[in-house]
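query20.txt follows (compact mmCIF, C-alpha atoms and all ligand atoms):
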# COMPACT_ATOMS: atom_id res chain seq x y z
CA MET A 247 0.00 0.00 0.00
CA SER A 248 1.28 3.42 -0.83
CA ASN A 249 0.07 6.27 1.34
CA THR A 250 2.60 8.84 0.51
CA SER A 251 2.37 11.35 -2.29
CA THR A 252 5.22 10.97 -4.71
CA ALA A 253 4.96 14.61 -5.80
CA PRO A 254 8.43 16.07 -6.31
CA SER A 255 9.73 18.52 -3.73
CA VAL A 256 9.74 22.09 -4.97
CA VAL A 257 10.64 25.42 -3.48
CA VAL A 258 7.36 26.88 -2.23
CA ALA A 259 6.44 29.90 -4.33
CA PHE A 260 3.92 31.71 -2.17
CA ASP A 261 1.65 34.22 -3.78
CA GLU A 262 2.65 37.48 -2.09
CA THR A 263 -0.25 39.52 -3.46
CA LEU A 264 -2.53 38.51 -0.61
CA PRO A 265 -1.63 40.30 2.64
CA ASP A 266 -0.89 38.16 5.68
CA PHE A 267 -4.14 37.29 7.32
CA GLU A 268 -4.26 38.61 10.90
CA PRO A 269 -7.48 37.81 12.70
CA GLU A 270 -8.65 39.12 16.06
CA PRO A 271 -7.75 36.87 19.02
CA LEU A 272 -10.26 34.15 19.94
CA ARG A 273 -12.46 35.48 22.74
CA ARG A 274 -14.56 32.68 24.16
CA PRO A 275 -15.35 29.02 23.74
CA ALA A 276 -18.49 27.91 21.93
CA MET A 277 -21.52 27.37 24.15
CA LYS A 278 -23.70 24.32 23.63
CA THR A 279 -27.15 24.24 25.13
CA GLY A 280 -29.57 21.34 25.12
CA LEU A 281 -27.63 19.18 22.66
CA VAL A 282 -26.44 15.62 23.04
CA ASN A 283 -22.67 15.97 22.89
CA THR A 284 -21.73 13.86 19.90
CA PHE A 285 -18.82 15.89 18.56
CA LYS A 286 -15.91 17.57 20.25
CA ALA A 287 -16.80 21.05 19.06
CA LEU A 288 -14.27 23.69 18.09
CA PRO A 289 -14.30 26.69 20.44
CA LEU A 290 -16.24 29.01 18.17
CA THR A 291 -19.85 29.92 17.49
CA LEU A 292 -20.33 30.49 13.78
CA ASP A 293 -22.57 33.18 12.45
CA ARG A 294 -22.19 33.35 8.66
CA GLY A 295 -20.13 32.33 5.68
CA ASP A 296 -19.16 33.63 2.27
CA GLY A 297 -17.08 31.58 -0.15
CA VAL A 298 -14.04 30.09 1.62
CA TRP A 299 -14.56 32.36 4.65
CA VAL A 300 -16.72 32.07 7.76
CA TRP A 301 -17.31 34.52 10.62
CA ASP A 302 -18.07 33.83 14.26
CA THR A 303 -20.56 35.71 16.39
CA ASP A 304 -17.77 38.08 17.51
CA GLY A 305 -17.18 39.02 13.88
CA ARG A 306 -13.87 37.14 13.74
CA GLN A 307 -13.02 35.81 10.26
CA TYR A 308 -11.71 32.31 9.48
CA LEU A 309 -10.35 30.72 6.33
CA ASP A 310 -12.25 27.45 6.06
CA MET A 311 -9.96 24.59 5.03
CA TYR A 312 -12.47 22.02 6.31
CA SER A 313 -15.90 22.83 4.73
CA GLY A 314 -17.83 21.50 7.74
CA HIS A 315 -16.68 17.89 7.12
CA ALA A 316 -16.14 18.20 3.33
CA VAL A 317 -19.67 19.46 2.73
CA ALA A 318 -19.56 23.10 1.56
CA SER A 319 -18.42 22.09 -1.92
CA THR A 320 -19.24 25.38 -3.66
CA GLY A 321 -18.16 27.38 -0.63
CA HIS A 322 -20.43 29.00 1.91
CA SER A 323 -23.71 30.45 0.67
CA HIS A 324 -22.69 30.52 -2.99
CA PRO A 325 -25.10 33.06 -4.59
CA HIS A 326 -26.20 30.62 -7.33
CA VAL A 327 -26.90 27.83 -4.81
CA ALA A 328 -28.49 30.11 -2.20
CA GLY A 329 -30.57 31.74 -4.97
CA ALA A 330 -31.74 28.36 -6.29
CA ILE A 331 -32.72 27.21 -2.78
CA ALA A 332 -34.62 30.46 -2.10
CA ALA A 333 -36.37 30.41 -5.48
CA GLN A 334 -37.43 26.78 -5.05
CA ALA A 335 -38.62 27.47 -1.49
CA ARG A 336 -40.87 30.23 -2.81
CA ARG A 337 -42.19 27.96 -5.59
CA LEU A 338 -42.73 24.67 -3.72
CA VAL A 339 -40.97 23.69 -0.47
CA PHE A 340 -41.84 20.02 -0.59
CA TYR A 341 -43.65 17.26 -2.28
CA SER A 342 -42.55 13.65 -2.05
CA ASN A 343 -41.62 11.30 -4.88
CA VAL A 344 -45.25 10.28 -5.18
CA VAL A 345 -45.40 13.05 -7.80
CA ASP A 346 -43.19 13.92 -10.74
CA LEU A 347 -41.15 17.15 -10.39
CA GLU A 348 -39.38 18.97 -13.19
CA VAL A 349 -36.60 20.13 -10.90
CA ARG A 350 -35.98 16.52 -9.84
CA ASN A 351 -35.81 15.32 -13.43
CA ARG A 352 -33.43 18.10 -14.48
CA ALA A 353 -31.18 17.62 -11.45
CA THR A 354 -31.03 13.83 -11.86
CA GLU A 355 -30.26 14.11 -15.56
CA LYS A 356 -27.47 16.57 -14.78
CA LEU A 357 -25.94 14.32 -12.09
CA LEU A 358 -26.00 11.25 -14.33
CA SER A 359 -24.49 13.22 -17.22
CA PHE A 360 -21.18 13.25 -15.33
CA ILE A 361 -20.95 9.45 -15.33
CA ALA A 362 -18.94 8.24 -18.29
CA SER A 363 -19.81 4.55 -18.30
CA PRO A 364 -21.54 3.33 -21.44
CA GLY A 365 -23.81 0.43 -20.55
CA GLY A 366 -23.06 1.06 -16.87
CA ILE A 367 -24.56 3.33 -14.26
CA THR A 368 -27.69 5.11 -15.45
CA ARG A 369 -30.05 5.52 -12.49
CA ALA A 370 -30.11 7.33 -9.14
CA LEU A 371 -31.91 6.68 -5.85
CA PHE A 372 -31.96 9.65 -3.47
CA ALA A 373 -32.05 9.77 0.31
CA ASN A 374 -30.80 12.22 2.94
CA SER A 375 -27.50 11.10 4.47
CA GLY A 376 -24.36 9.16 3.66
CA ALA A 377 -25.26 6.32 6.01
CA GLU A 378 -28.64 5.95 4.32
CA ALA A 379 -26.93 5.74 0.92
CA ILE A 380 -24.67 2.95 2.25
CA GLU A 381 -27.62 1.08 3.79
CA ASN A 382 -29.52 1.28 0.49
CA ALA A 383 -26.53 0.26 -1.64
CA LEU A 384 -25.78 -2.79 0.51
CA LYS A 385 -29.44 -3.78 0.66
CA MET A 386 -29.52 -3.58 -3.15
CA ALA A 387 -26.38 -5.71 -3.41
CA ILE A 388 -27.77 -8.37 -1.04
CA ARG A 389 -31.15 -8.50 -2.77
CA HIS A 390 -29.68 -8.39 -6.27
CA THR A 391 -27.18 -11.21 -5.69
CA GLY A 392 -29.27 -13.25 -3.25
CA ARG A 393 -26.14 -13.50 -1.08
CA LYS A 394 -25.28 -12.13 2.34
CA LYS A 395 -21.54 -11.78 2.80
CA ILE A 396 -20.19 -8.22 2.75
CA ILE A 397 -16.50 -7.39 2.66
CA ALA A 398 -15.15 -4.05 3.89
CA PHE A 399 -11.78 -2.66 5.00
CA GLU A 400 -9.83 -1.65 8.07
CA GLY A 401 -9.70 2.14 8.30
CA GLY A 402 -12.88 2.63 6.26
CA PHE A 403 -15.74 4.76 7.60
CA HIS A 404 -19.27 4.36 6.26
CA GLY A 405 -21.58 5.96 8.85
CA ARG A 406 -23.26 5.35 12.15
CA THR A 407 -26.47 3.40 11.38
CA LEU A 408 -26.44 -0.32 12.19
CA LEU A 409 -25.27 -1.73 8.86
CA ALA A 410 -23.04 1.24 8.02
CA CYS A 411 -21.40 0.96 11.42
CA ASN A 412 -20.92 -2.79 10.97
CA VAL A 413 -19.07 -2.36 7.69
CA THR A 414 -16.97 0.46 9.13
CA GLY A 415 -13.49 -0.98 9.67
CA ASN A 416 -12.31 1.78 11.97
CA PRO A 417 -12.44 0.07 15.42
CA LYS A 418 -13.45 3.26 17.22
CA TYR A 419 -16.76 3.46 15.32
CA ARG A 420 -17.20 -0.27 14.68
CA SER A 421 -17.04 -0.95 18.41
CA GLN A 422 -19.93 1.49 18.88
CA ALA A 423 -22.33 -0.75 16.89
CA PRO A 424 -24.99 -1.99 19.33
CA PHE A 425 -24.32 -5.51 18.01
CA HIS A 426 -22.30 -7.06 15.23
CA LEU A 427 -23.85 -8.74 12.23
CA ASP A 428 -22.61 -12.07 10.93
CA ASP A 429 -21.47 -12.14 7.31
CA VAL A 430 -19.39 -8.95 7.52
CA VAL A 431 -15.68 -9.50 6.91
CA ILE A 432 -13.16 -6.71 7.49
CA LEU A 433 -9.88 -6.98 5.56
CA PRO A 434 -6.66 -4.97 5.64
CA PHE A 435 -6.94 -2.04 3.20
CA GLY A 436 -4.73 -2.47 0.15
CA ASP A 437 -4.01 -6.18 0.68
CA ALA A 438 -4.80 -7.84 -2.67
CA ASP A 439 -3.94 -11.35 -1.41
CA ALA A 440 -6.37 -11.11 1.49
CA LEU A 441 -9.00 -9.80 -0.94
CA ARG A 442 -8.54 -12.68 -3.38
CA GLU A 443 -8.81 -15.15 -0.54
CA ALA A 444 -11.92 -13.61 1.02
CA VAL A 445 -14.16 -12.88 -1.99
CA ASP A 446 -16.08 -15.99 -3.04
CA ASP A 447 -19.33 -17.04 -4.70
CA GLY A 448 -21.21 -16.22 -1.49
CA THR A 449 -20.09 -12.59 -1.50
CA ALA A 450 -22.81 -10.02 -2.15
CA ALA A 451 -20.65 -6.89 -2.08
CA VAL A 452 -17.28 -5.39 -1.44
CA VAL A 453 -17.65 -1.87 -0.09
CA VAL A 454 -14.69 0.49 -0.12
CA GLU A 455 -13.99 4.12 0.66
CA PRO A 456 -11.52 4.73 -2.19
CA ILE A 457 -9.62 7.32 -0.16
CA GLN A 458 -10.07 6.62 3.54
CA SER A 459 -10.68 10.13 4.78
CA MET A 460 -11.19 9.61 8.50
CA ALA A 461 -8.15 7.32 8.61
CA GLY A 462 -6.02 10.25 7.39
CA CYS A 463 -6.77 10.25 3.62
CA ARG A 464 -5.14 6.86 3.02
CA MET A 465 -5.08 5.64 -0.57
CA ALA A 466 -4.20 2.19 -1.83
CA ASP A 467 -1.89 1.37 -4.72
CA PRO A 468 -3.73 1.62 -8.11
CA SER A 469 -3.30 -2.14 -8.54
CA PHE A 470 -5.55 -2.69 -5.50
CA TYR A 471 -8.51 -0.91 -7.15
CA ARG A 472 -7.95 -3.00 -10.30
CA GLU A 473 -7.98 -6.13 -8.15
CA LEU A 474 -11.21 -5.01 -6.46
CA ARG A 475 -12.90 -4.82 -9.85
CA ALA A 476 -11.40 -8.05 -11.15
CA VAL A 477 -12.16 -10.22 -8.14
CA THR A 478 -15.74 -8.97 -7.65
CA SER A 479 -16.51 -9.46 -11.37
CA LYS A 480 -15.01 -12.96 -11.26
CA HIS A 481 -17.31 -14.02 -8.42
CA GLY A 482 -20.45 -12.08 -9.42
CA ALA A 483 -20.18 -9.86 -6.32
CA LEU A 484 -21.01 -6.14 -6.56
CA LEU A 485 -18.39 -3.46 -6.04
CA VAL A 486 -19.66 -0.50 -4.01
CA TYR A 487 -17.61 2.71 -3.96
CA ASP A 488 -18.41 4.89 -0.96
CA GLU A 489 -17.83 8.25 -2.63
CA VAL A 490 -19.47 10.23 0.15
CA GLN A 491 -16.21 12.21 0.44
CA THR A 492 -14.39 11.49 -2.84
CA GLY A 493 -17.45 12.27 -4.99
CA ILE A 494 -18.66 15.59 -6.46
CA GLY A 495 -15.29 16.95 -7.43
CA ARG A 496 -13.21 16.61 -4.29
CA THR A 497 -10.39 14.69 -5.96
CA GLY A 498 -10.32 16.89 -9.08
CA ARG A 499 -12.69 14.60 -11.03
CA MET A 500 -16.44 14.48 -10.55
CA PHE A 501 -16.10 10.96 -9.13
CA PHE A 502 -13.24 8.71 -8.04
CA SER A 503 -15.11 6.05 -10.06
CA GLY A 504 -13.69 5.87 -13.56
CA ARG A 505 -10.15 6.55 -12.35
CA ASP A 506 -7.75 4.18 -14.10
CA GLY A 507 -10.79 2.85 -16.00
CA ILE A 508 -12.28 1.23 -12.90
CA VAL A 509 -16.04 1.60 -12.64
CA PRO A 510 -17.88 0.10 -9.65
CA ASP A 511 -21.43 -1.31 -9.74
CA LEU A 512 -22.82 1.14 -7.20
CA ILE A 513 -21.68 4.62 -6.14
CA CYS A 514 -22.73 6.27 -2.87
CA LEU A 515 -22.74 10.06 -2.72
CA ALA A 516 -23.58 12.60 0.01
CA LYS A 517 -21.64 15.48 1.71
CA GLY A 518 -20.94 18.02 -1.06
CA ILE A 519 -23.67 16.87 -3.47
CA ALA A 520 -25.97 19.80 -2.66
CA SER A 521 -23.46 22.21 -1.06
CA GLY A 522 -24.76 21.42 2.42
CA PHE A 523 -28.47 20.93 1.85
CA PRO A 524 -29.07 17.36 3.16
CA LEU A 525 -29.09 14.89 0.25
CA SER A 526 -27.50 11.58 -0.65
CA ALA A 527 -27.65 9.27 -3.64
CA VAL A 528 -26.92 5.74 -4.77
CA LEU A 529 -26.06 5.50 -8.46
CA VAL A 530 -26.76 2.13 -10.05
CA SER A 531 -26.97 0.30 -13.35
CA GLU A 532 -30.17 -0.32 -15.28
CA THR A 533 -29.94 -4.03 -14.44
CA ILE A 534 -29.89 -3.44 -10.69
CA ALA A 535 -32.55 -0.71 -10.91
CA ASP A 536 -34.87 -2.89 -12.99
CA GLY A 537 -34.87 -5.58 -10.31
CA ILE A 538 -36.20 -3.17 -7.67
CA GLY A 539 -39.90 -3.30 -6.84
CA TYR A 540 -42.22 -0.54 -5.65
CA GLY A 541 -41.97 0.26 -1.97
CA GLU A 542 -38.64 -1.50 -1.48
CA TYR A 543 -36.68 1.74 -1.03
CA GLY A 544 -37.72 5.21 -0.10
CA ALA A 545 -37.19 8.14 2.17
CA THR A 546 -39.91 10.70 2.77
CA TYR A 547 -37.62 13.65 2.15
CA GLY A 548 -35.43 11.95 -0.47
CA ALA A 549 -35.24 13.91 -3.75
CA GLY A 550 -37.39 16.72 -2.36
CA PRO A 551 -37.60 19.88 -4.49
CA ILE A 552 -35.24 22.09 -2.46
CA ALA A 553 -32.58 19.35 -2.24
CA MET A 554 -32.86 18.83 -6.00
CA ALA A 555 -32.61 22.56 -6.71
CA ALA A 556 -29.55 22.75 -4.44
CA MET A 557 -27.91 19.78 -6.20
CA LEU A 558 -28.64 21.13 -9.67
CA ALA A 559 -27.19 24.54 -8.74
CA THR A 560 -24.13 22.87 -7.16
CA LEU A 561 -23.43 20.88 -10.32
CA GLU A 562 -23.91 24.00 -12.46
CA VAL A 563 -21.40 25.93 -10.34
CA ILE A 564 -18.88 23.08 -10.55
CA GLU A 565 -19.24 23.11 -14.32
CA HIS A 566 -19.44 26.87 -14.98
CA GLU A 567 -16.60 27.77 -12.61
CA SER A 568 -14.36 24.91 -13.86
CA LEU A 569 -13.98 23.69 -10.30
CA LEU A 570 -12.69 20.24 -11.26
CA ALA A 571 -9.68 21.86 -12.95
CA ASN A 572 -9.29 24.22 -10.00
CA VAL A 573 -9.22 21.35 -7.50
CA ALA A 574 -6.71 19.42 -9.63
CA GLU A 575 -4.39 22.44 -10.03
CA THR A 576 -4.72 24.04 -6.62
CA GLY A 577 -4.66 20.59 -5.00
CA SER A 578 -1.37 19.74 -6.76
CA HIS A 579 0.03 23.10 -5.66
CA LEU A 580 -0.95 22.36 -2.06
CA VAL A 581 0.62 18.88 -2.22
CA ARG A 582 3.87 20.15 -3.79
CA SER A 583 4.14 23.05 -1.36
CA LEU A 584 3.27 21.02 1.74
CA THR A 585 5.66 18.23 0.75
CA SER A 586 8.54 20.71 0.63
CA LEU A 587 7.83 22.28 4.04
CA PRO A 588 10.24 21.40 6.86
CA GLY A 589 8.44 19.17 9.35
CA VAL A 590 5.95 17.68 6.87
CA GLU A 591 6.63 13.95 6.68
CA ALA A 592 4.05 12.97 4.05
CA VAL A 593 0.97 14.22 2.25
CA HIS A 594 -1.75 11.64 1.66
CA GLY A 595 -4.75 11.77 -0.67
CA LEU A 596 -5.69 13.72 -3.77
CA GLY A 597 -7.08 17.11 -4.79
CA PHE A 598 -8.85 18.74 -1.86
CA LEU A 599 -8.93 15.56 0.24
CA LEU A 600 -5.52 15.76 1.86
CA GLY A 601 -3.94 14.33 4.99
CA VAL A 602 -0.79 16.07 6.18
CA ARG A 603 1.48 13.99 8.39
CA THR A 604 3.86 15.79 10.75
CA GLY A 605 5.60 14.96 14.03
CA VAL A 606 3.20 17.29 15.88
CA ARG A 607 -0.21 16.19 17.09
CA ALA A 608 -2.91 17.27 14.61
CA ALA A 609 -5.14 18.47 17.47
CA GLU A 610 -2.38 20.85 18.58
CA ILE A 611 -1.93 22.19 15.06
CA GLN A 612 -5.69 22.56 14.68
CA ALA A 613 -5.93 24.61 17.89
CA ALA A 614 -2.96 26.80 16.94
CA LEU A 615 -4.32 27.43 13.44
CA LEU A 616 -7.72 28.29 14.83
CA GLU A 617 -6.06 30.96 16.97
CA ARG A 618 -4.61 32.30 13.71
CA GLY A 619 -7.98 32.23 11.95
CA ILE A 620 -7.84 28.99 9.97
CA ILE A 621 -10.10 25.95 10.36
CA VAL A 622 -8.58 22.54 9.55
CA GLY A 623 -9.58 18.98 10.47
CA THR A 624 -7.92 16.28 12.48
CA SER A 625 -8.26 12.56 11.67
CA ASP A 626 -8.18 9.24 13.45
CA ASP A 627 -4.43 9.23 13.00
CA PRO A 628 -3.26 11.59 15.76
CA PHE A 629 -0.44 12.94 13.59
CA VAL A 630 -2.44 13.55 10.41
CA MET A 631 -4.22 16.86 9.92
CA ARG A 632 -6.90 16.95 7.21
CA LEU A 633 -7.51 19.64 4.59
CA LEU A 634 -10.94 19.50 2.96
CA PRO A 635 -11.48 23.06 1.66
CA PRO A 636 -14.38 24.18 -0.53
CA LEU A 637 -13.77 23.36 -4.20
CA ILE A 638 -13.62 27.11 -4.93
CA LEU A 639 -10.41 27.63 -2.91
CA GLN A 640 -8.01 29.53 -5.16
CA ARG A 641 -4.24 29.79 -5.10
CA PRO A 642 -3.99 33.10 -3.17
CA GLU A 643 -6.01 31.68 -0.26
CA ALA A 644 -4.14 28.38 -0.50
CA ASP A 645 -0.90 30.38 -0.19
CA ALA A 646 -2.23 32.36 2.76
CA PHE A 647 -2.93 29.03 4.43
CA LEU A 648 0.52 27.64 3.52
CA ARG A 649 2.32 30.66 4.98
CA THR A 650 0.43 30.48 8.27
CA PHE A 651 0.76 26.70 8.45
CA ALA A 652 4.53 26.85 7.82
CA ASP A 653 4.97 29.41 10.66
CA THR A 654 2.68 27.47 13.00
CA LEU A 655 4.45 24.17 12.40
CA GLU A 656 7.84 25.79 12.92
CA GLU A 657 6.69 27.17 16.27
CA LEU A 658 5.17 23.89 17.45
CA GLN A 659 8.06 21.61 16.55
C1 LIG B 1 -16.90 8.06 3.56
C2 LIG B 1 -18.14 8.29 4.37
N1 LIG B 1 -19.17 7.46 4.20
C3 LIG B 1 -20.33 7.63 4.89
C4 LIG B 1 -20.47 8.66 5.80
C5 LIG B 1 -21.76 8.83 6.54
O1 LIG B 1 -22.40 9.99 6.11
P1 LIG B 1 -23.54 10.68 7.02
O2 LIG B 1 -22.86 11.28 8.21
O3 LIG B 1 -24.14 11.73 6.11
O4 LIG B 1 -24.50 9.62 7.38
C6 LIG B 1 -19.41 9.55 6.00
C7 LIG B 1 -19.52 10.65 6.98
O5 LIG B 1 -18.57 11.23 7.43
C8 LIG B 1 -18.21 9.36 5.27
O6 LIG B 1 -17.16 10.17 5.42
Represent the structure from my file as structure tokens, please.
Ligand SMILES: Cc1ncc(COP(=O)(O)O)c(C=O)c1O
Amino acid sequence: MSNTSTAPSVVVAFDETLPDFEPEPLRRPAMKTGLVNTFKALPLTLDRGDGVWVWDTDGRQYLDMYSGHAVASTGHSHPHVAGAIAAQARRLVFYSNVVDLEVRNRATEKLLSFIASPGGITRALFANSGAEAIENALKMAIRHTGRKKIIAFEGGFHGRTLLACNVTGNPKYRSQAPFHLDDVVILPFGDADALREAVDDGTAAVVVEPIQSMAGCRMADPSFYRELRAVTSKHGALLVYDEVQTGIGRTGRMFFSGRDGIVPDLICLAKGIASGFPLSAVLVSETIADGIGYGEYGATYGAGPIAMAAMLATLEVIEHESLLANVAETGSHLVRSLTSLPGVEAVHGLGFLLGVRTGVRAAEIQAALLERGIIVGTSDDPFVMRLLPPLILQRPEADAFLRTFADTLEELQ
């Protein structure tokens, strides 16, 4: 398995046109009232956002290199997305999929137009969250194949519902499943031999997070993805790509699927699909879709008009603002620059899904950067900080981040 970017080291050429970003000092920790404490919250209370920037209730400005868990794909409150949501809300807030909706048809057609797989994936099923997409995809695989065994990988994260949690390889979340289901096998990520041994004619699906974000943006060697396709095809098992994070442009392509010519049978999407309006999707082939009967799948809010308007507007922004090219170019710049910084040991991942390994604890870096007005993520690897900026992040802001990060790391080492 290869986790480390092989990008050549270069001298960092920072863009000097953007003045150093000097925010006000942090004044007080965030207050939480009445909530179940499920996340360790950052010490700030957010008020508003605009593009790659957010402001707290004290008016302090932050550069957002995290997008609220890789969600704000077009940035915060993009005018085209916010406008589409507002216009749809004025027209029709909700009607379920018991009726046909033009906005749903246009949005679905647009989403599927980005899939380049002749004879392959042609249909979408919508729900509301990533975990729901995983549940639906695995249920489809089990029902389609008539088999039960599901194979997943150490380090993978697929959500917190019962089945999603069971196929999550990360022990921290897997151990939180109320009980463990039989027929789920967790293999080492990137181990082709283990894969060949485990997949058999009783396997319904192999589910994989192509870049394991929570584990620190770990990627496998390209040969592993080829093996995933080969071995599942050989045994008639379905290959499920969990593209909840890698999908919708984050790696510099619309989907990870299709990379190196490898197309899975099912693709799960969520997070950035509608710029933050709750929506998820499972993309499937005609053959799988045709085997599905009425009432088998559904979610009351799934494919509702506002979610569809938000997704359509998101896809239009990605296309019109050439965000795939921006992620590829600015992402490569970030990787090259980070790789050449003293103290950076490795950069994992692709595009705007990056894990930065240093000898300093990521939580310490995160706190220090927050003091300096930058939001970054940690990961389940204590020494890997995650960068998941909005897809609209441009080079000047990337350079502002790099300058502050370089200074911060130097101080903390
Ligand atoms: C790769 C991946 N799959 C699934 C999920 C679950 O998504 P949700 O929290 O929307 O249920 C997540 C959430 O972080 C994720 O990162």
Requested in this report: Please check which protein, DNA or RNA residues sit within 6 Å of ligand LIG 1 (chain B), counting all atoms listed in the file, and write them as an MDAnalysis selection string.
Outcome: chainID A and resid 375:377 403:405 455 488 490:491
Requested in this report: Compile the contact shell of range 594-608 of chain A as an MDAnalysis selection string: residues with an atom at most 9 Å away, counting all atoms listed in the file, same-chain residues fewer than 3 positions apart removed.
Outcome: chainID A and resid 249:251 316 457:459 461:465 491:492 495:499 573:578 580:581 584:585 589:591 611:613 623:625 627:637 655 658:659
Would you mind exporting C-alpha atoms of the selected residues as a compact mmCIF listing (two decimals), in the frame of the given file?
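Contents of part-v4.txt, as written:
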# COMPACT_ATOMS: atom_id res chain seq x y z
CA ASN A 249 0.07 6.27 1.34
CA THR A 250 2.60 8.84 0.51
CA SER A 251 2.37 11.35 -2.29
CA ALA A 316 -16.14 18.20 3.33
CA ILE A 457 -9.62 7.32 -0.16
CA GLN A 458 -10.07 6.62 3.54
CA SER A 459 -10.68 10.13 4.78
CA ALA A 461 -8.15 7.32 8.61
CA GLY A 462 -6.02 10.25 7.39
CA CYS A 463 -6.77 10.25 3.62
CA ARG A 464 -5.14 6.86 3.02
CA MET A 465 -5.08 5.64 -0.57
CA GLN A 491 -16.21 12.21 0.44
CA THR A 492 -14.39 11.49 -2.84
CA GLY A 495 -15.29 16.95 -7.43
CA ARG A 496 -13.21 16.61 -4.29
CA THR A 497 -10.39 14.69 -5.96
CA GLY A 498 -10.32 16.89 -9.08
CA ARG A 499 -12.69 14.60 -11.03
CA VAL A 573 -9.22 21.35 -7.50
CA ALA A 574 -6.71 19.42 -9.63
CA GLU A 575 -4.39 22.44 -10.03
CA THR A 576 -4.72 24.04 -6.62
CA GLY A 577 -4.66 20.59 -5.00
CA SER A 578 -1.37 19.74 -6.76
CA LEU A 580 -0.95 22.36 -2.06
CA VAL A 581 0.62 18.88 -2.22
CA LEU A 584 3.27 21.02 1.74
CA THR A 585 5.66 18.23 0.75
CA GLY A 589 8.44 19.17 9.35
CA VAL A 590 5.95 17.68 6.87
CA GLU A 591 6.63 13.95 6.68
CA ILE A 611 -1.93 22.19 15.06
CA GLN A 612 -5.69 22.56 14.68
CA ALA A 613 -5.93 24.61 17.89
CA GLY A 623 -9.58 18.98 10.47
CA THR A 624 -7.92 16.28 12.48
CA SER A 625 -8.26 12.56 11.67
CA ASP A 627 -4.43 9.23 13.00
CA PRO A 628 -3.26 11.59 15.76
CA PHE A 629 -0.44 12.94 13.59
CA VAL A 630 -2.44 13.55 10.41
CA MET A 631 -4.22 16.86 9.92
CA ARG A 632 -6.90 16.95 7.21
CA LEU A 633 -7.51 19.64 4.59
CA LEU A 634 -10.94 19.50 2.96
CA PRO A 635 -11.48 23.06 1.66
CA PRO A 636 -14.38 24.18 -0.53
CA LEU A 637 -13.77 23.36 -4.20
CA LEU A 655 4.45 24.17 12.40
CA LEU A 658 5.17 23.89 17.45
CA GLN A 659 8.06 21.61 16.55
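As for CA of Arg442 in chain A and CA of Phe470 in chain A, they are spaced 10.6 Å apart.
Distance check against Thr320 in chain A using all atoms listed in the file: of A:Ile564, A:Ala527, A:Val413, A:Leu288, the minimum falls on A:Ile564.
Residues with any atom within 7 Å of Pro551 in chain A, counting all atoms listed in the file and excluding same-chain neighbours fewer than 3 positions away, are Gln334, Val339, Phe340, Tyr341, Val349, Arg350, Met554 and Ala555 of chain A.
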Requested in this report: Kindly indicate which residue among A:Ile638, A:Leu515, A:Ile620, A:Val431 lies nearest to Val300 in chain A, using only C-alpha atoms for the distances.
Outcome: A:Ile620
Report summary line: Expressed in Å, the length from CA of Ser359 in chain A to CA of Glu567 in chain A is 17.2 Å
**Report entry** Who sits within 8 Å of Arg475 in chain A, only C-alpha atoms, same chain under 6 positions skipped, as a list of chain:residue names
**Finding:** A:Leu485, A:Ile508, A:Val509, A:Pro510
Prev. selection, C-alpha atoms, output as an mmCIF file, keeping the file's coordinate frame:
data_model
loop_
_atom_site.group_PDB
_atom_site.id
_atom_site.type_symbol
_atom_site.label_atom_id
_atom_site.label_comp_id
_atom_site.auth_asym_id
_atom_site.auth_seq_id
_atom_site.Cartn_x
_atom_site.Cartn_y
_atom_site.Cartn_z
ATOM 1 C CA LEU A 485 -18.390 -3.460 -6.040
ATOM 2 C CA ILE A 508 -12.280 1.230 -12.900
ATOM 3 C CA VAL A 509 -16.040 1.600 -12.640
ATOM 4 C CA PRO A 510 -17.880 0.100 -9.650
#
Report summary line: With distances taken over only C-alpha atoms, the candidate from A:Gly544, A:Arg582, A:Lys385, A:Asn343 nearest Asp645 in chain A is A:Arg582
Report task. Could you please give me, as a list in words, the residues of protein, DNA or RNA lying at most 12 Å from (-32.4, -0.2, -16.2) in the coordinate frame of the file, considering all atoms listed in the file? Result -> Gly365, Gly366, Ile367, Thr368, Arg369, Ala370, Leu529, Val530, Ser531, Glu532, Thr533, Ile534, Ala535, Asp536, Gly537 and Ile538 of chain A
Report summary line: Across A:His426, A:Lys480, A:Lys517, A:Lys394, the smallest distance to Ser319 in chain A, with only C-alpha atoms counted, is shown by A:Lys517
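The space separating CA of Pro424 in chain A from CA of Val486 in chain A comes to 24.0 Å.
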